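Data file: work-v6.pdb. Format and content: PDB, C-alpha atoms, pLDDT in the B column.
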MODEL        1
ATOM      1  CA  MET A 511     164.400  87.008  56.386  1.00 78.00           C
ATOM      2  CA  GLU A 512     162.330  88.719  53.752  1.00 91.00           C
ATOM      3  CA  LYS A 513     164.331  90.778  51.253  1.00 94.00           C
ATOM      4  CA  LEU A 514     164.026  94.552  51.276  1.00 95.00           C
ATOM      5  CA  LEU A 515     164.918  94.851  47.597  1.00 96.00           C
ATOM      6  CA  ASP A 516     162.693  93.037  45.136  1.00 95.00           C
ATOM      7  CA  LYS A 517     164.076  91.279  42.060  1.00 96.00           C
ATOM      8  CA  GLN A 518     163.205  94.119  39.703  1.00 97.00           C
ATOM      9  CA  ILE A 519     165.156  96.661  41.767  1.00 96.00           C
ATOM     10  CA  VAL A 520     168.089  94.275  42.133  1.00 97.00           C
ATOM     11  CA  ASP A 521     168.161  93.821  38.347  1.00 98.00           C
ATOM     12  CA  GLN A 522     168.155  97.608  37.845  1.00 97.00           C
ATOM     13  CA  ILE A 523     171.013  98.078  40.301  1.00 98.00           C
ATOM     14  CA  ARG A 524     172.948  95.220  38.702  1.00 98.00           C
ATOM     15  CA  GLU A 525     172.587  96.923  35.337  1.00 98.00           C
ATOM     16  CA  ALA A 526     173.727 100.287  36.755  1.00 97.00           C
ATOM     17  CA  PHE A 527     176.618  98.618  38.608  1.00 98.00           C
ATOM     18  CA  ALA A 528     177.829  97.065  35.347  1.00 97.00           C
ATOM     19  CA  GLN A 529     179.463 100.487  34.781  1.00 95.00           C
ATOM     20  CA  LEU A 530     181.426 100.405  38.045  1.00 98.00           C
ATOM     21  CA  LYS A 531     185.139 101.047  37.561  1.00 98.00           C
ATOM     22  CA  GLU A 532     187.045 101.156  40.852  1.00 98.00           C
ATOM     23  CA  PRO A 533     186.200  99.548  44.205  1.00 98.00           C
ATOM     24  CA  VAL A 534     183.911 101.328  46.657  1.00 98.00           C
ATOM     25  CA  GLN A 535     183.881 100.890  50.432  1.00 98.00           C
ATOM     26  CA  ILE A 536     180.705 101.571  52.360  1.00 98.00           C
ATOM     27  CA  LEU A 537     181.135 102.071  56.095  1.00 98.00           C
ATOM     28  CA  PHE A 538     178.018 101.733  58.200  1.00 98.00           C
ATOM     29  CA  PHE A 539     177.884 103.125  61.738  1.00 98.00           C
ATOM     30  CA  GLY A 540     175.051 101.736  63.815  1.00 98.00           C
ATOM     31  CA  SER A 541     174.330 100.633  67.333  1.00 97.00           C
ATOM     32  CA  ALA A 542     172.756  97.666  69.056  1.00 90.00           C
ATOM     33  CA  GLN A 543     170.961 100.040  71.417  1.00 88.00           C
ATOM     34  CA  ASN A 544     168.450 102.787  70.776  1.00 90.00           C
ATOM     35  CA  CYS A 545     168.521 102.370  67.042  1.00 95.00           C
ATOM     36  CA  GLU A 546     165.157 101.711  65.486  1.00 94.00           C
ATOM     37  CA  TYR A 547     166.392 101.397  61.901  1.00 95.00           C
ATOM     38  CA  CYS A 548     169.960 100.086  62.230  1.00 97.00           C
ATOM     39  CA  ALA A 549     169.124  96.439  61.496  1.00 96.00           C
ATOM     40  CA  GLU A 550     167.053  97.467  58.477  1.00 96.00           C
ATOM     41  CA  ILE A 551     169.785  99.697  57.027  1.00 97.00           C
ATOM     42  CA  GLN A 552     172.406  97.011  57.539  1.00 97.00           C
ATOM     43  CA  GLN A 553     170.227  94.475  55.752  1.00 97.00           C
ATOM     44  CA  LEU A 554     169.615  96.949  52.915  1.00 97.00           C
ATOM     45  CA  LEU A 555     173.350  97.550  52.519  1.00 98.00           C
ATOM     46  CA  ASP A 556     174.037  93.793  52.663  1.00 98.00           C
ATOM     47  CA  GLU A 557     171.594  93.325  49.795  1.00 98.00           C
ATOM     48  CA  VAL A 558     173.267  96.122  47.791  1.00 98.00           C
ATOM     49  CA  VAL A 559     176.895  95.049  48.190  1.00 98.00           C
ATOM     50  CA  VAL A 560     176.151  91.447  47.261  1.00 98.00           C
ATOM     51  CA  ILE A 561     175.067  92.639  43.797  1.00 98.00           C
ATOM     52  CA  ASN A 562     178.568  93.580  42.649  1.00 98.00           C
ATOM     53  CA  ASP A 563     181.892  92.594  44.197  1.00 97.00           C
ATOM     54  CA  LYS A 564     183.406  96.034  43.543  1.00 98.00           C
ATOM     55  CA  VAL A 565     181.237  97.302  46.402  1.00 98.00           C
ATOM     56  CA  SER A 566     181.961  96.148  49.932  1.00 98.00           C
ATOM     57  CA  LEU A 567     180.612  96.896  53.384  1.00 98.00           C
ATOM     58  CA  LYS A 568     182.219  97.381  56.776  1.00 98.00           C
ATOM     59  CA  VAL A 569     179.920  97.588  59.794  1.00 98.00           C
ATOM     60  CA  TYR A 570     180.928  99.572  62.874  1.00 98.00           C
ATOM     61  CA  ASP A 571     179.353 100.263  66.224  1.00 98.00           C
ATOM     62  CA  PHE A 572     179.056 104.008  66.756  1.00 98.00           C
ATOM     63  CA  GLN A 573     180.058 103.749  70.417  1.00 97.00           C
ATOM     64  CA  ALA A 574     182.518 100.845  70.416  1.00 97.00           C
ATOM     65  CA  ASP A 575     184.261 102.020  67.244  1.00 98.00           C
ATOM     66  CA  LYS A 576     184.289 105.684  68.169  1.00 98.00           C
ATOM     67  CA  ASN A 577     187.844 106.104  66.890  1.00 98.00           C
ATOM     68  CA  VAL A 578     186.740 105.013  63.411  1.00 98.00           C
ATOM     69  CA  ALA A 579     183.640 107.224  63.554  1.00 98.00           C
ATOM     70  CA  ASP A 580     185.817 110.188  64.573  1.00 98.00           C
ATOM     71  CA  ARG A 581     188.262 109.533  61.760  1.00 97.00           C
ATOM     72  CA  TYR A 582     185.376 109.772  59.289  1.00 98.00           C
ATOM     73  CA  HIS A 583     183.793 112.743  61.110  1.00 97.00           C
ATOM     74  CA  VAL A 584     180.680 110.689  61.806  1.00 98.00           C
ATOM     75  CA  ASP A 585     178.933 112.402  64.725  1.00 97.00           C
ATOM     76  CA  LYS A 586     175.555 110.678  64.650  1.00 97.00           C
ATOM     77  CA  TYR A 587     174.007 107.306  63.897  1.00 97.00           C
ATOM     78  CA  PRO A 588     172.722 105.520  61.968  1.00 98.00           C
ATOM     79  CA  ALA A 589     175.033 106.857  59.290  1.00 98.00           C
ATOM     80  CA  LEU A 590     176.900 105.542  56.297  1.00 98.00           C
ATOM     81  CA  VAL A 591     179.981 106.752  54.480  1.00 98.00           C
ATOM     82  CA  VAL A 592     180.671 106.055  50.814  1.00 98.00           C
ATOM     83  CA  ALA A 593     184.452 105.910  50.365  1.00 98.00           C
ATOM     84  CA  ALA A 594     186.926 104.987  47.655  1.00 98.00           C
ATOM     85  CA  LYS A 595     188.877 101.760  48.040  1.00 98.00           C
ATOM     86  CA  ASP A 596     192.221 101.070  46.408  1.00 97.00           C
ATOM     87  CA  GLY A 597     193.685  97.779  47.536  1.00 95.00           C
ATOM     88  CA  GLU A 598     193.701  97.959  51.326  1.00 94.00           C
ATOM     89  CA  GLN A 599     193.657 101.756  51.263  1.00 97.00           C
ATOM     90  CA  ILE A 600     190.324 103.445  52.011  1.00 98.00           C
ATOM     91  CA  SER A 601     190.085 107.108  51.021  1.00 97.00           C
ATOM     92  CA  ASN A 602     187.454 109.220  52.730  1.00 97.00           C
ATOM     93  CA  LEU A 603     185.866 111.554  50.197  1.00 97.00           C
ATOM     94  CA  GLY A 604     183.624 113.221  52.765  1.00 97.00           C
ATOM     95  CA  ILE A 605     180.391 111.640  51.573  1.00 98.00           C
ATOM     96  CA  GLN A 606     177.953 110.671  54.316  1.00 98.00           C
ATOM     97  CA  PHE A 607     174.296 109.862  54.698  1.00 98.00           C
ATOM     98  CA  SER A 608     172.603 109.956  58.087  1.00 98.00           C
ATOM     99  CA  GLY A 609     169.380 108.028  58.567  1.00 97.00           C
ATOM    100  CA  VAL A 610     167.631 105.427  56.433  1.00 96.00           C
ATOM    101  CA  PRO A 611     168.525 105.765  52.730  1.00 95.00           C
ATOM    102  CA  SER A 612     165.064 104.872  51.462  1.00 92.00           C
ATOM    103  CA  GLY A 613     162.791 106.261  48.758  1.00 89.00           C
ATOM    104  CA  HIS A 614     164.544 108.966  46.730  1.00 89.00           C
ATOM    105  CA  GLU A 615     167.561 108.665  48.968  1.00 93.00           C
ATOM    106  CA  PHE A 616     168.089 105.081  47.917  1.00 96.00           C
ATOM    107  CA  ALA A 617     168.576 106.331  44.345  1.00 95.00           C
ATOM    108  CA  THR A 618     171.005 108.922  45.734  1.00 95.00           C
ATOM    109  CA  LEU A 619     172.958 106.153  47.441  1.00 97.00           C
ATOM    110  CA  VAL A 620     173.193 104.134  44.220  1.00 97.00           C
ATOM    111  CA  ASN A 621     174.325 107.281  42.361  1.00 97.00           C
ATOM    112  CA  ASP A 622     176.922 108.031  45.039  1.00 97.00           C
ATOM    113  CA  ILE A 623     178.321 104.527  44.646  1.00 98.00           C
ATOM    114  CA  LEU A 624     178.562 104.999  40.861  1.00 98.00           C
ATOM    115  CA  MET A 625     180.171 108.429  41.254  1.00 97.00           C
ATOM    116  CA  VAL A 626     182.756 107.215  43.770  1.00 98.00           C
ATOM    117  CA  SER A 627     183.521 104.154  41.669  1.00 98.00           C
ATOM    118  CA  ASN A 628     184.154 106.352  38.646  1.00 97.00           C
ATOM    119  CA  ARG A 629     186.276 108.637  40.832  1.00 97.00           C
ATOM    120  CA  ASP A 630     184.522 111.547  39.173  1.00 95.00           C
ATOM    121  CA  SER A 631     182.195 114.042  40.875  1.00 93.00           C
ATOM    122  CA  GLY A 632     180.696 115.130  37.572  1.00 94.00           C
ATOM    123  CA  LEU A 633     181.058 118.777  38.636  1.00 95.00           C
ATOM    124  CA  SER A 634     181.669 121.556  36.135  1.00 96.00           C
ATOM    125  CA  PRO A 635     185.236 122.854  35.547  1.00 95.00           C
ATOM    126  CA  ALA A 636     184.393 126.201  37.201  1.00 93.00           C
ATOM    127  CA  VAL A 637     183.177 124.538  40.410  1.00 95.00           C
ATOM    128  CA  ARG A 638     186.150 122.155  40.439  1.00 95.00           C
ATOM    129  CA  ASP A 639     188.552 125.095  40.140  1.00 95.00           C
ATOM    130  CA  PHE A 640     186.906 126.907  43.017  1.00 95.00           C
ATOM    131  CA  LEU A 641     186.869 123.846  45.287  1.00 95.00           C
ATOM    132  CA  LYS A 642     190.459 122.906  44.425  1.00 94.00           C
ATOM    133  CA  ASN A 643     191.648 126.275  45.701  1.00 94.00           C
ATOM    134  CA  LEU A 644     189.489 126.197  48.812  1.00 95.00           C
ATOM    135  CA  ASN A 645     191.642 126.454  51.928  1.00 93.00           C
ATOM    136  CA  GLU A 646     189.024 126.326  54.661  1.00 95.00           C
ATOM    137  CA  PRO A 647     186.628 123.557  55.710  1.00 96.00           C
ATOM    138  CA  LEU A 648     183.296 123.334  53.956  1.00 97.00           C
ATOM    139  CA  LEU A 649     180.367 121.328  55.321  1.00 98.00           C
ATOM    140  CA  LEU A 650     177.243 120.898  53.223  1.00 98.00           C
ATOM    141  CA  GLN A 651     174.327 119.280  55.053  1.00 98.00           C
ATOM    142  CA  VAL A 652     171.340 118.499  52.885  1.00 97.00           C
ATOM    143  CA  PHE A 653     168.162 117.768  54.814  1.00 97.00           C
ATOM    144  CA  VAL A 654     165.811 115.418  53.037  1.00 96.00           C
ATOM    145  CA  THR A 655     162.764 113.264  53.714  1.00 92.00           C
ATOM    146  CA  PRO A 656     162.188 109.736  52.403  1.00 78.00           C
ATOM    147  CA  THR A 657     159.311 110.555  50.047  1.00 68.00           C
TER
ATOM    148  CA  MET B 535     188.322 119.619  53.721  1.00 88.00           C
ATOM    149  CA  ILE B 536     184.942 119.304  52.001  1.00 96.00           C
ATOM    150  CA  ARG B 537     182.208 117.171  53.484  1.00 98.00           C
ATOM    151  CA  ALA B 538     178.731 116.499  52.153  1.00 98.00           C
ATOM    152  CA  GLU B 539     176.105 114.900  54.363  1.00 98.00           C
ATOM    153  CA  GLY B 540     172.582 113.901  53.468  1.00 97.00           C
ATOM    154  CA  ILE B 541     170.411 113.892  56.571  1.00 98.00           C
ATOM    155  CA  GLU B 542     167.039 112.244  56.893  1.00 97.00           C
ATOM    156  CA  ALA B 543     165.239 115.110  58.627  1.00 96.00           C
ATOM    157  CA  THR B 544     162.536 113.089  60.396  1.00 95.00           C
ATOM    158  CA  GLU B 545     165.156 110.863  62.044  1.00 95.00           C
ATOM    159  CA  PHE B 546     167.150 113.808  63.361  1.00 97.00           C
ATOM    160  CA  PRO B 547     164.358 116.214  64.359  1.00 96.00           C
ATOM    161  CA  GLU B 548     166.458 118.231  66.818  1.00 96.00           C
ATOM    162  CA  LEU B 549     169.051 119.023  64.182  1.00 97.00           C
ATOM    163  CA  ALA B 550     166.346 119.828  61.624  1.00 96.00           C
ATOM    164  CA  GLN B 551     164.713 122.125  64.161  1.00 96.00           C
ATOM    165  CA  GLU B 552     168.006 123.848  64.916  1.00 97.00           C
ATOM    166  CA  TYR B 553     168.199 124.905  61.257  1.00 97.00           C
ATOM    167  CA  TYR B 554     164.467 125.632  60.936  1.00 95.00           C
ATOM    168  CA  VAL B 555     164.034 122.978  58.253  1.00 95.00           C
ATOM    169  CA  SER B 556     160.473 123.300  56.979  1.00 89.00           C
ATOM    170  CA  GLY B 557     160.807 122.166  53.366  1.00 89.00           C
ATOM    171  CA  VAL B 558     163.142 119.725  51.707  1.00 91.00           C
ATOM    172  CA  PRO B 559     165.690 119.654  50.342  1.00 96.00           C
ATOM    173  CA  GLN B 560     167.324 122.263  52.513  1.00 97.00           C
ATOM    174  CA  THR B 561     171.059 122.721  52.350  1.00 97.00           C
ATOM    175  CA  VAL B 562     172.847 124.076  55.400  1.00 98.00           C
ATOM    176  CA  ILE B 563     176.312 125.425  54.662  1.00 98.00           C
ATOM    177  CA  ASN B 564     178.943 125.419  57.439  1.00 97.00           C
ATOM    178  CA  SER B 565     176.485 124.833  60.287  1.00 97.00           C
ATOM    179  CA  GLY B 566     174.178 127.706  59.453  1.00 96.00           C
ATOM    180  CA  ALA B 567     176.501 130.263  57.811  1.00 96.00           C
ATOM    181  CA  LYS B 568     174.089 130.051  54.914  1.00 96.00           C
ATOM    182  CA  MET B 569     170.911 128.097  54.148  1.00 96.00           C
ATOM    183  CA  VAL B 570     169.493 127.155  50.787  1.00 96.00           C
ATOM    184  CA  VAL B 571     165.888 126.013  50.645  1.00 95.00           C
ATOM    185  CA  GLY B 572     164.852 123.874  47.690  1.00 94.00           C
ATOM    186  CA  ALA B 573     166.911 122.266  44.964  1.00 93.00           C
ATOM    187  CA  VAL B 574     169.390 124.633  43.323  1.00 92.00           C
ATOM    188  CA  PRO B 575     171.580 124.149  40.269  1.00 94.00           C
ATOM    189  CA  GLU B 576     175.316 123.666  40.757  1.00 95.00           C
ATOM    190  CA  GLN B 577     176.159 127.306  39.954  1.00 94.00           C
ATOM    191  CA  GLY B 578     173.518 128.571  42.378  1.00 95.00           C
ATOM    192  CA  LEU B 579     174.923 126.443  45.182  1.00 96.00           C
ATOM    193  CA  LEU B 580     178.431 127.690  44.395  1.00 96.00           C
ATOM    194  CA  THR B 581     177.234 131.292  44.770  1.00 96.00           C
ATOM    195  CA  GLU B 582     175.740 130.464  48.177  1.00 96.00           C
ATOM    196  CA  ILE B 583     178.923 128.669  49.263  1.00 97.00           C
ATOM    197  CA  LYS B 584     180.978 131.738  48.340  1.00 96.00           C
ATOM    198  CA  ARG B 585     178.616 133.957  50.352  1.00 96.00           C
ATOM    199  CA  ALA B 586     178.840 131.598  53.338  1.00 96.00           C
ATOM    200  CA  LEU B 587     182.643 131.645  53.223  1.00 95.00           C
ATOM    201  CA  GLU B 588     182.744 135.447  53.097  1.00 91.00           C
ATOM    202  CA  LYS B 589     181.053 135.600  56.490  1.00 74.00           C
TER
ENDMDL
END
Let me see the file written as structure tokens.
Amino acid sequence: MEKLLDKQIVDQIREAFAQLKEPVQILFFGSAQNCEYCAEIQQLLDEVVVINDKVSLKVYDFQADKNVADRYHVDKYPALVVAAKDGEQISNLGIQFSGVPSGHEFATLVNDILMVSNRDSGLSPAVRDFLKNLNEPLLLQVFVTPT
Amino acid sequence: MIRAEGIEATEFPELAQEYYVSGVPQTVINSGAKMVVGAVPEQGLLTEIKRALEK
């Protein structure tokens, strides 16, 4: 099968991933039915995780693995979750992308992986303080387009 | 407690329509409690989050 990521991109990601600290677990939720882009996203993620062994991929079926999807609050597919991994323990940080992570969103995905691996959001102290004391659920949905 | 989801608008048109997404990025806070059109700096988003939570 033809690669989705060309050598130049792979080299750039490899260089960025050289700074990875802690393991990252990507969880992909797709479906064999009615999913135009699932195979493509899975291939893309396969090509990303093979670049550095600190990043790994688990593939789930949205319907068959509904219990896993529910646990990660995944309510649509295709979707991917970028989580922290410590040994066998996977910690959900609430980071999800729904749809194909292409174009600008591919850069976002790479940045998310770096951020999760560093276990640091990069947020300012004021924002951290506010969020730390938050005692009700907060859902931020950012709509984007591939270009 | 806190979840952040990037959504490819063209792949989920019904959801995008529900929130009247016309330009991107558009950030929807707590399922429509507040909407932010365009990219905003961290502090600006925090202000909008606070407003959304006051509702």
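The closest residue to Val574 in chain B, picked from B:Gln551, B:Thr544, B:Ser556, B:Thr561 and counting only C-alpha atoms, is B:Thr561.
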message: Show me, as a PyMOL selection string, the residues of chain B whose atoms get within 9 Å of chain A, using all atoms listed in the file for the distance check.
response: chain B and resi 535-546+550+555+557-565+576-577+580+583+587
task: Identify all residues satisfying the PyMOL selection byres ((chain A and resi 513) around 9) in the given file; provide them as a count of residues only.
output: 8
task: For CA of Val560 in chain A and CA of Arg524 in chain A, determine how far apart the two atoms are, in Å to one decimal place.
output: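 Computing the Euclidean distance for CA of Val560 in chain A and CA of Arg524 in chain A yields 9.9 Å.
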task: Grab the CA of Gln522 in chain A to CA of Phe539 in chain A distance for me, in Å with one decimal place.
output: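 If I compute the distance from CA of Gln522 in chain A to CA of Phe539 in chain A, I get 26.4 Å.
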Given 6 Å on each side, where is the centre and what are the edge lengths in Å to one decimal of the axis-aligned box enclosing the listed atoms of range 529-532 of chain A, as AutoDock Vina command-line options?
--center_x 183.3 --center_y 100.8 --center_z 37.8 --size_x 19.6 --size_y 12.8 --size_z 18.1
message: What does the structure give for the distance between CA of Asp630 in chain A and CA of Val565 in chain A, in Å to one decimal?
response: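 If I compute the distance from CA of Asp630 in chain A to CA of Val565 in chain A, I get 16.3 Å.
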task: Extract, using only C-alpha atoms, all DNA, RNA and protein residues at most 12 Å from Lys595 in chain A, discarding same-chain residues fewer than 4 positions from it, and format them as a PyMOL selection string.
output: chain A and resi 531-537+564-568+599-603+623+626-629
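Each of B:Glu552, B:Pro547, B:Glu588, B:Thr581 was checked against Ala567 in chain B using all atoms listed in the file; the smallest atom-to-atom distance is that of B:Glu588.
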Quick one: range 543-567 of chain A with C-alpha atoms, as a PDB file, in the first residue's frame?
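Below is the file that was written, part-v7.pdb:
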ATOM      1  CA  GLN A 543     -19.314  -0.169   8.108  1.00  0.00           C
ATOM      2  CA  ASN A 544     -20.345   3.265   6.920  1.00  0.00           C
ATOM      3  CA  CYS A 545     -16.957   4.789   7.487  1.00  0.00           C
ATOM      4  CA  GLU A 546     -15.451   6.411   4.441  1.00  0.00           C
ATOM      5  CA  TYR A 547     -12.188   7.473   6.085  1.00  0.00           C
ATOM      6  CA  CYS A 548     -11.603   4.874   8.816  1.00  0.00           C
ATOM      7  CA  ALA A 549      -9.092   2.780   6.855  1.00  0.00           C
ATOM      8  CA  GLU A 550      -7.177   5.911   5.862  1.00  0.00           C
ATOM      9  CA  ILE A 551      -6.997   7.255   9.425  1.00  0.00           C
ATOM     10  CA  GLN A 552      -5.884   3.889  10.759  1.00  0.00           C
ATOM     11  CA  GLN A 553      -3.133   3.712   8.155  1.00  0.00           C
ATOM     12  CA  LEU A 554      -2.067   7.277   8.991  1.00  0.00           C
ATOM     13  CA  LEU A 555      -1.871   6.441  12.697  1.00  0.00           C
ATOM     14  CA  ASP A 556       0.028   3.213  11.936  1.00  0.00           C
ATOM     15  CA  GLU A 557       2.588   5.270  10.032  1.00  0.00           C
ATOM     16  CA  VAL A 558       2.887   7.751  12.929  1.00  0.00           C
ATOM     17  CA  VAL A 559       3.290   5.275  15.790  1.00  0.00           C
ATOM     18  CA  VAL A 560       5.947   3.276  13.962  1.00  0.00           C
ATOM     19  CA  ILE A 561       8.199   6.361  14.010  1.00  0.00           C
ATOM     20  CA  ASN A 562       8.842   6.257  17.756  1.00  0.00           C
ATOM     21  CA  ASP A 563       8.212   3.394  20.169  1.00  0.00           C
ATOM     22  CA  LYS A 564       7.019   5.754  22.919  1.00  0.00           C
ATOM     23  CA  VAL A 565       3.822   6.161  20.894  1.00  0.00           C
ATOM     24  CA  SER A 566       1.476   3.216  20.520  1.00  0.00           C
ATOM     25  CA  LEU A 567      -1.910   2.600  18.953  1.00  0.00           C
TER      26      LEU A 567
END
